[in-house]
>>> print(open('protein_37.cif').read())   # mmCIF, C-alpha atoms
data_query
#
loop_
_atom_site.label_atom_id
_atom_site.label_comp_id
_atom_site.auth_asym_id
_atom_site.auth_seq_id
_atom_site.Cartn_x
_atom_site.Cartn_y
_atom_site.Cartn_z
CA MET A 1 6.66 -65.89 -95.05
CA TYR A 2 3.40 -67.41 -96.35
CA PRO A 3 1.53 -67.22 -92.99
CA LEU A 4 2.69 -63.62 -92.69
CA ILE A 5 1.36 -62.77 -96.14
CA SER A 6 -2.05 -64.31 -95.44
CA LEU A 7 -2.39 -62.41 -92.14
CA PHE A 8 -2.24 -59.03 -93.82
CA MET A 9 -4.45 -59.55 -96.86
CA VAL A 10 -7.04 -57.03 -95.66
CA ASP A 11 -9.66 -55.77 -98.15
CA GLY A 12 -7.40 -56.54 -101.07
CA PHE A 13 -4.48 -54.61 -99.55
CA ALA A 14 -1.62 -57.01 -100.28
CA PHE A 15 1.28 -57.61 -97.91
CA SER A 16 3.81 -56.20 -100.36
CA GLY A 17 1.80 -53.00 -100.53
CA ILE A 18 1.92 -52.66 -96.73
CA LEU A 19 5.66 -53.18 -96.75
CA CYS A 20 6.10 -50.47 -99.36
CA LEU A 21 3.80 -48.13 -97.44
CA THR A 22 5.66 -48.62 -94.17
CA GLY A 23 9.16 -48.51 -95.64
CA TRP A 24 10.08 -52.16 -95.19
CA ALA A 25 10.04 -53.26 -98.87
CA GLY A 26 13.81 -53.66 -98.91
CA PHE A 27 13.63 -56.53 -96.45
CA LEU A 28 12.08 -58.93 -98.95
CA PRO A 29 14.76 -61.64 -99.38
CA ASP A 30 13.48 -63.36 -102.52
CA ARG A 31 14.60 -60.84 -105.17
CA PRO A 32 17.96 -59.19 -105.92
CA ARG A 33 18.26 -55.43 -105.45
CA GLU A 34 18.93 -54.88 -109.16
CA ASP A 35 15.72 -56.70 -110.09
CA ARG A 36 13.75 -54.54 -107.70
CA ALA A 37 15.26 -51.42 -109.23
CA GLU A 38 14.12 -52.55 -112.69
CA ARG A 39 10.60 -52.88 -111.30
CA THR A 40 10.72 -49.20 -110.23
CA VAL A 41 10.90 -50.03 -106.53
CA ARG A 42 13.46 -47.69 -104.98
CA PRO A 43 16.22 -49.07 -102.74
CA VAL A 44 15.49 -49.06 -99.05
CA GLY A 45 18.16 -46.46 -98.41
CA SER A 46 16.08 -43.88 -100.27
CA VAL A 47 12.66 -44.90 -98.95
CA SER A 48 11.24 -43.01 -96.00
CA CYS A 49 7.87 -42.38 -94.46
CA PRO A 50 7.10 -38.94 -92.92
CA GLN A 51 5.05 -40.45 -90.13
CA LEU A 52 7.17 -43.50 -89.35
CA GLY A 53 10.60 -41.95 -89.84
CA PRO A 54 13.44 -43.02 -92.15
CA ALA A 55 13.72 -46.60 -93.31
CA PRO A 56 16.54 -48.82 -92.04
CA PRO A 57 19.89 -48.95 -93.93
CA PRO A 58 20.12 -51.21 -97.03
CA ARG A 59 20.85 -54.88 -96.66
CA THR A 60 22.26 -57.16 -99.31
CA SER A 61 20.65 -60.28 -97.85
CA VAL A 62 18.33 -61.29 -95.05
CA SER A 63 18.31 -64.65 -93.28
CA LEU A 64 14.84 -65.47 -92.02
CA VAL A 65 16.25 -68.46 -90.13
CA VAL A 66 18.73 -66.41 -88.11
CA ASP A 67 16.84 -63.15 -87.86
CA GLY A 68 13.27 -64.39 -88.17
CA ALA A 69 11.96 -63.25 -84.77
CA SER A 70 13.24 -59.70 -85.05
CA PHE A 71 12.16 -59.51 -88.70
CA LEU A 72 8.60 -60.54 -87.87
CA SER A 73 8.48 -58.13 -84.96
CA ARG A 74 9.55 -55.17 -87.06
CA VAL A 75 7.24 -56.04 -89.93
CA CYS A 76 4.31 -56.61 -87.56
CA ARG A 77 4.77 -53.28 -85.82
CA ALA A 78 5.17 -51.38 -89.08
CA ALA A 79 2.21 -53.07 -90.74
CA CYS A 80 0.07 -52.54 -87.65
CA GLN A 81 0.74 -48.81 -87.72
CA ALA A 82 -0.43 -48.68 -91.33
CA LEU A 83 -3.53 -50.71 -90.53
CA VAL A 84 -4.48 -48.48 -87.63
CA ARG A 85 -4.07 -45.33 -89.67
CA LEU A 86 -6.18 -46.77 -92.49
CA GLN A 87 -8.82 -47.93 -89.98
CA PHE A 88 -8.68 -51.55 -91.02
CA GLY A 89 -9.39 -52.63 -87.46
CA LYS A 90 -7.39 -54.93 -85.21
CA PRO A 91 -4.22 -56.40 -86.74
CA ALA A 92 -2.96 -59.90 -86.23
CA PHE A 93 -0.81 -59.29 -83.14
CA PRO A 94 -2.26 -62.28 -81.22
CA SER A 95 -1.65 -64.52 -84.24
CA PHE A 96 2.09 -64.02 -83.84
CA ARG A 97 2.09 -65.00 -80.17
CA PRO A 98 1.91 -68.81 -80.66
CA TRP A 99 4.86 -68.57 -83.07
CA TYR A 100 6.97 -66.97 -80.35
CA VAL A 101 5.70 -69.16 -77.52
CA ALA A 102 6.38 -72.33 -79.49
CA GLN A 103 10.03 -71.32 -79.52
CA SER A 104 9.95 -70.33 -75.83
CA LYS A 105 10.44 -66.69 -76.78
CA HIS A 106 8.17 -65.42 -74.02
CA ALA A 107 10.02 -62.14 -73.60
CA GLU A 108 9.72 -61.34 -77.33
CA ALA A 109 6.03 -62.26 -77.34
CA ARG A 110 5.40 -60.15 -74.26
CA GLU A 111 7.19 -57.14 -75.74
CA LEU A 112 5.23 -57.51 -78.98
CA MET A 113 1.92 -57.58 -77.11
CA ARG A 114 2.91 -54.65 -74.89
CA SER A 115 4.00 -52.43 -77.76
CA GLY A 116 0.85 -53.32 -79.66
CA ALA A 117 -1.31 -52.43 -76.67
CA LEU A 118 0.42 -49.07 -76.31
CA LEU A 119 -0.11 -48.42 -80.02
CA PHE A 120 -3.82 -49.15 -79.78
CA PHE A 121 -4.18 -47.02 -76.66
CA SER A 122 -2.59 -44.12 -78.54
CA HIS A 123 -5.28 -44.46 -81.24
CA GLY A 124 -8.18 -44.83 -78.81
CA GLN A 125 -8.77 -48.52 -79.59
CA GLN A 126 -9.61 -49.54 -76.02
CA ASN A 127 -10.99 -53.03 -76.67
CA SER A 128 -8.07 -54.18 -78.78
CA ALA A 129 -5.59 -52.63 -76.37
CA ALA A 130 -7.24 -54.35 -73.41
CA ASP A 131 -7.08 -57.71 -75.19
CA LEU A 132 -3.37 -57.31 -75.80
CA SER A 133 -2.83 -56.20 -72.20
CA MET A 134 -4.43 -59.40 -70.98
CA LEU A 135 -2.10 -61.36 -73.27
CA VAL A 136 0.85 -59.65 -71.61
CA LEU A 137 -0.38 -60.95 -68.26
CA GLU A 138 -0.95 -64.40 -69.72
CA SER A 139 2.66 -64.45 -70.91
CA LEU A 140 3.89 -63.51 -67.43
CA GLU A 141 1.79 -66.21 -65.82
CA LYS A 142 2.78 -69.04 -68.17
CA ALA A 143 6.48 -68.17 -68.28
CA GLU A 144 6.65 -67.91 -64.46
CA VAL A 145 8.61 -64.68 -64.74
CA GLU A 146 10.22 -63.23 -61.63
CA VAL A 147 8.52 -60.11 -60.25
CA VAL A 148 10.79 -57.13 -60.91
CA GLU A 149 10.35 -53.36 -60.83
CA GLU A 150 10.36 -52.98 -64.62
CA LEU A 151 7.47 -55.41 -65.11
CA LEU A 152 5.42 -53.85 -62.33
CA GLU A 153 5.83 -50.40 -63.89
CA SER A 154 4.87 -51.81 -67.29
CA LEU A 155 1.66 -53.32 -65.91
CA ALA A 156 0.84 -50.11 -64.07
CA LYS A 157 1.32 -48.17 -67.33
CA LEU A 158 -1.16 -50.39 -69.15
CA PHE A 159 -3.59 -50.03 -66.24
CA SER A 160 -3.34 -46.23 -66.34
CA LEU A 161 -4.26 -46.14 -70.04
CA MET A 162 -7.38 -48.29 -69.70
CA ASP A 163 -10.84 -46.81 -69.55
CA PRO A 164 -11.62 -46.42 -65.81
CA ASN A 165 -15.16 -47.70 -66.36
CA SER A 166 -14.32 -50.75 -68.45
CA PRO A 167 -14.85 -54.25 -67.01
CA GLU A 168 -11.57 -55.31 -68.63
CA ARG A 169 -9.72 -53.01 -66.27
CA VAL A 170 -11.14 -54.79 -63.22
CA ALA A 171 -10.13 -58.17 -64.60
CA PHE A 172 -6.69 -56.86 -65.52
CA VAL A 173 -5.86 -55.47 -62.09
CA SER A 174 -7.13 -58.60 -60.36
CA ARG A 175 -4.89 -60.87 -62.43
CA ALA A 176 -1.95 -58.48 -62.18
CA LEU A 177 -2.11 -58.43 -58.38
CA LYS A 178 -2.45 -62.20 -58.24
CA TRP A 179 0.63 -62.64 -60.44
CA SER A 180 2.63 -60.09 -58.46
CA SER A 181 2.01 -61.98 -55.24
CA GLY A 182 4.12 -64.83 -56.60
CA GLY A 183 1.67 -67.50 -55.47
CA SER A 184 2.14 -66.59 -51.81
CA GLY A 185 -1.57 -66.00 -51.26
CA LYS A 186 -0.99 -62.38 -50.31
CA LEU A 187 -2.93 -59.47 -51.74
CA GLY A 188 -0.32 -58.42 -54.28
CA HIS A 189 3.10 -56.80 -54.41
CA PRO A 190 3.31 -53.56 -52.33
CA ARG A 191 5.03 -51.70 -55.18
CA LEU A 192 2.27 -52.57 -57.64
CA HIS A 193 -0.33 -51.47 -55.08
CA GLN A 194 1.51 -48.16 -54.75
CA LEU A 195 1.58 -47.59 -58.54
CA LEU A 196 -2.11 -48.43 -58.83
CA ALA A 197 -2.93 -46.10 -55.94
CA LEU A 198 -1.09 -43.22 -57.59
CA THR A 199 -2.98 -43.74 -60.85
CA LEU A 200 -6.35 -43.88 -59.11
CA TRP A 201 -5.44 -40.80 -57.09
CA LYS A 202 -4.82 -38.86 -60.32
CA GLU A 203 -8.25 -39.99 -61.50
CA GLN A 204 -9.72 -38.72 -58.18
CA ASN A 205 -10.94 -42.21 -57.38
CA TYR A 206 -10.07 -41.72 -53.73
CA CYS A 207 -11.81 -44.77 -52.27
CA GLU A 208 -9.99 -47.31 -54.44
CA SER A 209 -6.77 -45.34 -54.16
CA ARG A 210 -6.96 -45.56 -50.37
CA TYR A 211 -7.45 -49.33 -50.56
CA HIS A 212 -4.30 -49.81 -52.62
CA PHE A 213 -2.30 -47.40 -50.44
CA LEU A 214 -3.23 -49.54 -47.43
CA HIS A 215 -1.56 -52.55 -49.05
CA SER A 216 1.54 -50.61 -50.03
CA SER A 217 4.30 -49.20 -47.85
CA ASP A 218 3.78 -45.60 -48.97
CA GLY A 219 2.46 -43.96 -45.83
CA GLU A 220 3.41 -40.46 -46.94
CA GLY A 221 1.65 -40.83 -50.29
CA CYS A 222 -1.44 -42.15 -48.52
CA ALA A 223 -1.46 -39.15 -46.16
CA ASN A 224 -1.17 -36.66 -49.02
CA MET A 225 -4.03 -38.35 -50.85
CA LEU A 226 -6.18 -38.29 -47.69
CA VAL A 227 -5.55 -34.56 -47.24
CA GLU A 228 -6.81 -33.93 -50.76
CA TYR A 229 -9.70 -36.35 -50.27
CA SER A 230 -10.76 -34.65 -47.04
CA THR A 231 -10.57 -31.11 -48.38
CA ALA A 232 -12.33 -31.98 -51.66
CA ARG A 233 -15.08 -34.37 -50.53
CA GLY A 234 -15.32 -34.33 -46.74
CA PHE A 235 -16.94 -32.13 -44.12
CA ARG A 236 -14.82 -29.99 -41.86
CA SER A 237 -16.14 -31.90 -38.84
CA GLU A 238 -14.76 -35.16 -40.29
CA VAL A 239 -11.12 -34.19 -40.82
CA ASP A 240 -10.06 -36.38 -37.91
CA MET A 241 -12.04 -39.40 -39.11
CA PHE A 242 -10.20 -39.67 -42.43
CA VAL A 243 -6.84 -40.28 -40.81
CA ALA A 244 -8.20 -42.25 -37.84
CA GLN A 245 -9.66 -44.90 -40.11
CA ALA A 246 -6.44 -45.16 -42.12
CA VAL A 247 -4.24 -45.49 -39.02
CA LEU A 248 -6.46 -48.17 -37.48
CA GLN A 249 -6.53 -50.14 -40.71
CA PHE A 250 -2.75 -49.96 -41.12
CA LEU A 251 -2.40 -51.31 -37.58
CA CYS A 252 -4.82 -54.14 -38.37
CA LEU A 253 -2.44 -55.05 -41.18
CA LYS A 254 0.47 -54.99 -38.69
CA ASN A 255 2.09 -52.03 -40.45
CA LYS A 256 3.10 -49.79 -37.55
CA SER A 257 5.60 -47.69 -39.50
CA SER A 258 3.13 -46.68 -42.22
CA ALA A 259 0.46 -45.96 -39.60
CA SER A 260 2.80 -43.55 -37.82
CA VAL A 261 3.88 -41.86 -41.08
CA VAL A 262 0.28 -41.40 -42.20
CA PHE A 263 -0.74 -39.79 -38.93
CA THR A 264 2.29 -37.47 -38.71
CA THR A 265 2.09 -36.33 -42.33
CA TYR A 266 -1.68 -35.86 -42.36
CA THR A 267 -1.84 -33.82 -39.17
CA ARG A 268 1.08 -31.67 -40.33
CA LYS A 269 -0.25 -30.91 -43.81
CA HIS A 270 -4.02 -30.68 -43.37
CA PRO A 271 -5.06 -27.02 -43.44
CA SER A 272 -7.90 -27.54 -40.93
CA ILE A 273 -5.78 -29.16 -38.22
CA GLU A 274 -3.84 -26.98 -35.84
CA SER A 275 -0.34 -28.03 -34.92
CA GLY A 276 -0.11 -30.58 -32.19
CA PRO A 277 -0.14 -32.76 -30.20
CA PRO A 278 -2.24 -32.19 -28.27
CA PHE A 279 -4.94 -31.53 -30.86
CA ALA A 280 -8.28 -29.80 -30.67
CA GLN A 281 -10.01 -32.99 -31.89
CA PRO A 282 -10.23 -35.73 -29.20
CA LEU A 283 -10.09 -38.50 -31.80
CA LEU A 284 -6.71 -37.29 -33.01
CA ASN A 285 -5.43 -37.32 -29.44
CA PHE A 286 -6.67 -40.89 -29.08
CA ILE A 287 -4.79 -41.98 -32.22
CA TRP A 288 -1.65 -40.26 -30.98
CA PHE A 289 -1.86 -42.06 -27.61
CA LEU A 290 -2.68 -45.33 -29.34
CA LEU A 291 0.49 -45.21 -31.46
CA LEU A 292 2.52 -44.60 -28.30
CA ALA A 293 0.75 -47.48 -26.55
CA VAL A 294 1.48 -49.83 -29.47
CA ASP A 295 5.18 -49.09 -29.10
CA GLY A 296 4.98 -49.77 -25.36
CA GLY A 297 2.85 -52.90 -25.63
CA LYS A 298 1.18 -52.50 -22.21
CA LEU A 299 -2.34 -53.90 -22.08
CA THR A 300 -3.45 -51.73 -19.15
CA VAL A 301 -2.60 -48.55 -21.06
CA PHE A 302 -4.51 -49.79 -24.10
CA THR A 303 -7.57 -50.73 -22.02
CA VAL A 304 -7.75 -47.43 -20.16
CA LEU A 305 -7.27 -45.52 -23.39
CA CYS A 306 -10.17 -47.26 -25.11
CA GLU A 307 -12.44 -46.71 -22.11
CA GLN A 308 -11.66 -43.02 -21.77
CA TYR A 309 -12.25 -42.20 -25.44
CA GLN A 310 -15.46 -44.18 -25.95
CA PRO A 311 -17.50 -41.04 -26.84
CA SER A 312 -15.16 -40.37 -29.77
CA LEU A 313 -14.97 -44.02 -30.75
CA ARG A 314 -18.76 -44.28 -31.01
CA ARG A 315 -18.69 -41.96 -34.03
CA ASP A 316 -17.95 -44.96 -36.22
CA PRO A 317 -19.12 -48.48 -35.24
CA MET A 318 -16.10 -50.01 -37.01
CA TYR A 319 -13.60 -48.39 -34.64
CA ASN A 320 -14.19 -50.91 -31.86
CA GLU A 321 -13.83 -53.81 -34.28
CA TYR A 322 -10.50 -52.43 -35.44
CA LEU A 323 -9.41 -51.99 -31.83
CA ASP A 324 -10.36 -55.58 -30.99
CA ARG A 325 -8.04 -56.75 -33.73
CA ILE A 326 -5.28 -54.34 -32.67
CA GLY A 327 -5.57 -55.62 -29.11
CA GLN A 328 -5.00 -59.17 -30.35
CA LEU A 329 -2.02 -58.25 -32.52
CA PHE A 330 -0.09 -55.91 -30.22
CA PHE A 331 -1.34 -56.43 -26.66
CA GLY A 332 -2.04 -60.14 -26.39
CA VAL A 333 -5.81 -59.75 -25.97
CA PRO A 334 -7.54 -63.11 -26.58
CA PRO A 335 -10.00 -63.07 -29.47
CA LYS A 336 -13.70 -63.10 -28.84
CA GLN A 337 -15.00 -66.64 -28.64
CA THR A 338 -17.54 -67.49 -31.29
CA SER A 339 -19.63 -70.62 -31.09
CA SER A 340 -19.59 -73.13 -33.94
CA TYR A 341 -23.26 -73.82 -33.07
CA GLY A 342 -26.00 -71.32 -33.68
CA GLY A 343 -28.63 -69.67 -31.53
CA LEU A 344 -29.63 -70.42 -27.94
CA LEU A 345 -28.67 -74.10 -28.19
CA GLY A 346 -25.18 -73.12 -29.32
CA ASN A 347 -24.71 -70.79 -26.34
CA LEU A 348 -25.85 -73.52 -23.95
CA LEU A 349 -23.52 -76.14 -25.42
CA THR A 350 -20.59 -73.74 -25.38
CA SER A 351 -21.17 -72.90 -21.71
CA LEU A 352 -21.23 -76.63 -20.85
CA MET A 353 -18.31 -77.87 -22.99
CA GLY A 354 -16.14 -74.76 -23.29
CA PRO A 355 -14.62 -73.47 -26.51
CA SER A 356 -13.52 -76.01 -29.09
CA GLU A 357 -9.90 -76.65 -29.91
CA HIS A 358 -10.41 -75.62 -33.53
CA GLU A 359 -11.62 -72.19 -32.48
CA GLY A 360 -8.51 -71.71 -30.38
CA GLU A 361 -6.33 -72.61 -33.35
CA ASP A 362 -8.19 -70.28 -35.70
CA SER A 363 -7.81 -67.40 -33.30
CA GLN A 364 -4.04 -67.50 -33.73
CA ASP A 365 -4.27 -66.69 -37.43
CA ASP A 366 -2.52 -63.45 -38.26
CA GLY A 367 -4.81 -62.66 -41.18
CA SER A 368 -7.17 -59.83 -40.48
CA PRO A 369 -10.85 -60.82 -40.82
CA ILE A 370 -11.92 -57.18 -40.91
CA GLU A 371 -12.98 -55.62 -44.18
CA LEU A 372 -10.72 -52.67 -45.04
CA ASP A 373 -12.84 -51.24 -47.82
#
>>> encode(input="protein_37.cif", output="structure tokens")
Amino acid sequence: MYPLISLFMVDGFAFSGILCLTGWAGFLPDRPREDRAERTVRPVGSVSCPQLGPAPPPRTSVSLVVDGASFLSRVCRAACQALVRLQFGKPAFPSFRPWYVAQSKHAEARELMRSGALLFFSHGQQNSAADLSMLVLESLEKAEVEVVEELLESLAKLFSLMDPNSPERVAFVSRALKWSSGGSGKLGHPRLHQLLALTLWKEQNYCESRYHFLHSSDGEGCANMLVEYSTARGFRSEVDMFVAQAVLQFLCLKNKSSASVVFTTYTRKHPSIESGPPFAQPLLNFIWFLLLAVDGGKLTVFTVLCEQYQPSLRRDPMYNEYLDRIGQLFFGVPPKQTSSYGGLLGNLLTSLMGPSEHEGEDSQDDGSPIELD
């Protein structure tokens, strides 16, 4: 109890006073109930706080050895609420974390940090809330917790409450995605990407939302966001380019199903696109044919298609780079040979010796080298 008392001696506001204020005075184990009554402290059963709700039922005794973790959690939450209301600043939430971690109570520590972060967010204390949110991630990382839906939703909730312009939010999402990948080296769990994309979409941060949709499996959500993005920020002449870029990038990530869903949903729901196929926009017809060609896997069809639609593909210089990668992934097109030497000398040496073995091995890598931003 002595460390707990010292943590809440704020501006002369003693720990016992906080307990009385928050309705937890009856949990003090060092004095009989009759003695407390003589000191004009009412029994817990009759103590209530209008803002915090009724106090818990009376207890005749409390064992700090058996019930210490839950006791500290309840006292910490109650005292923190009083401190926030009285504007005493940040309470000692992080000071309790080593006590839990030392006993391998990672789940209890994580829940304490999470509830504290939510409390601070509700009172507009962004810096303190962000600190506690990072401690939640630290607990997940050190405890090597399995990635489950509940934890992903909890992290997404904390992310949604952070100030969109704060640097802490960038650090938080980076660490959260790294943890959710489970050490596999991937770019994060698809479900977490989806939850982040939905939050950013609500904030009308369409560019970052599109990035996270690309790494999720929510093709329909991505299409709906792109329809809103196009109608709100784009020109009428660019309605086909919004979906074309998304489809090509999904294919570069070897996600054929999401690419097809995005194209079908977008062309059906966009108010400026007439029903098709065929479509009035040549680029949309190209994307439609491309999806059919990917299912067929015939290189000749892919080659003729790219040649015939070059005028439309020149509208964005990235299109041909995407198509080079798609050709490698779905049609067996060999990658472009790049010399490990530079300049004119490198070209001469390559023509004399041929491509190196290392370049041939690197070309088989399935990772996409193309930026999808």
>>> atom_distance(input="protein_37.cif", atom1="CA of Glu108 in chain A", atom2="CA of Asn127 in chain A")
22.3 Å
>>> resolve_selection(input="protein_37.cif", expression="the PyMOL selection byres ((chain A and resi 328-338) around 6)", output="MDAnalysis selection string")
chainID A and resid 297 299 325:327 339
>>> residues_around(input="protein_37.cif", residues="Pro311 in chain A", least_positions_apart="6", cutoff="12 Å", atoms="all atoms listed in the file", output="NGL selection string")
:A and (282-283 or 286 or 305 or 317 or 319-320)
>>> write_last_selection(input="protein_37.cif", atoms="C-alpha atoms", output="PDB file, in the coordinates of the input")
ATOM      1  CA  PRO A 282     -10.230 -35.730 -29.200  1.00  0.00           C
ATOM      2  CA  LEU A 283     -10.090 -38.500 -31.800  1.00  0.00           C
ATOM      3  CA  PHE A 286      -6.670 -40.890 -29.080  1.00  0.00           C
ATOM      4  CA  LEU A 305      -7.270 -45.520 -23.390  1.00  0.00           C
ATOM      5  CA  PRO A 317     -19.120 -48.480 -35.240  1.00  0.00           C
ATOM      6  CA  TYR A 319     -13.600 -48.390 -34.640  1.00  0.00           C
ATOM      7  CA  ASN A 320     -14.190 -50.910 -31.860  1.00  0.00           C
TER       8      ASN A 320
END
>>> resolve_selection(input="protein_37.cif", expression="the PyMOL selection byres ((chain A and resi 262-271) around 12)", output="count of residues only")
59
>>> residues_near_point(input="protein_37.cif", point="(-4.9, -50.1, -60.5)", cutoff="6 Å", atoms="only C-alpha atoms", output="count of residues only")
3
>>> resolve_selection(input="protein_37.cif", expression="the PyMOL selection byres ((chain A and resi 151-157) around 8)", output="PyMOL selection string")
chain A and resi 147-150+158-161+176+180+191-192+195-196
>>> atom_distance(input="protein_37.cif", atom1="CA of Leu135 in chain A", atom2="CA of Arg114 in chain A")
8.5 Å
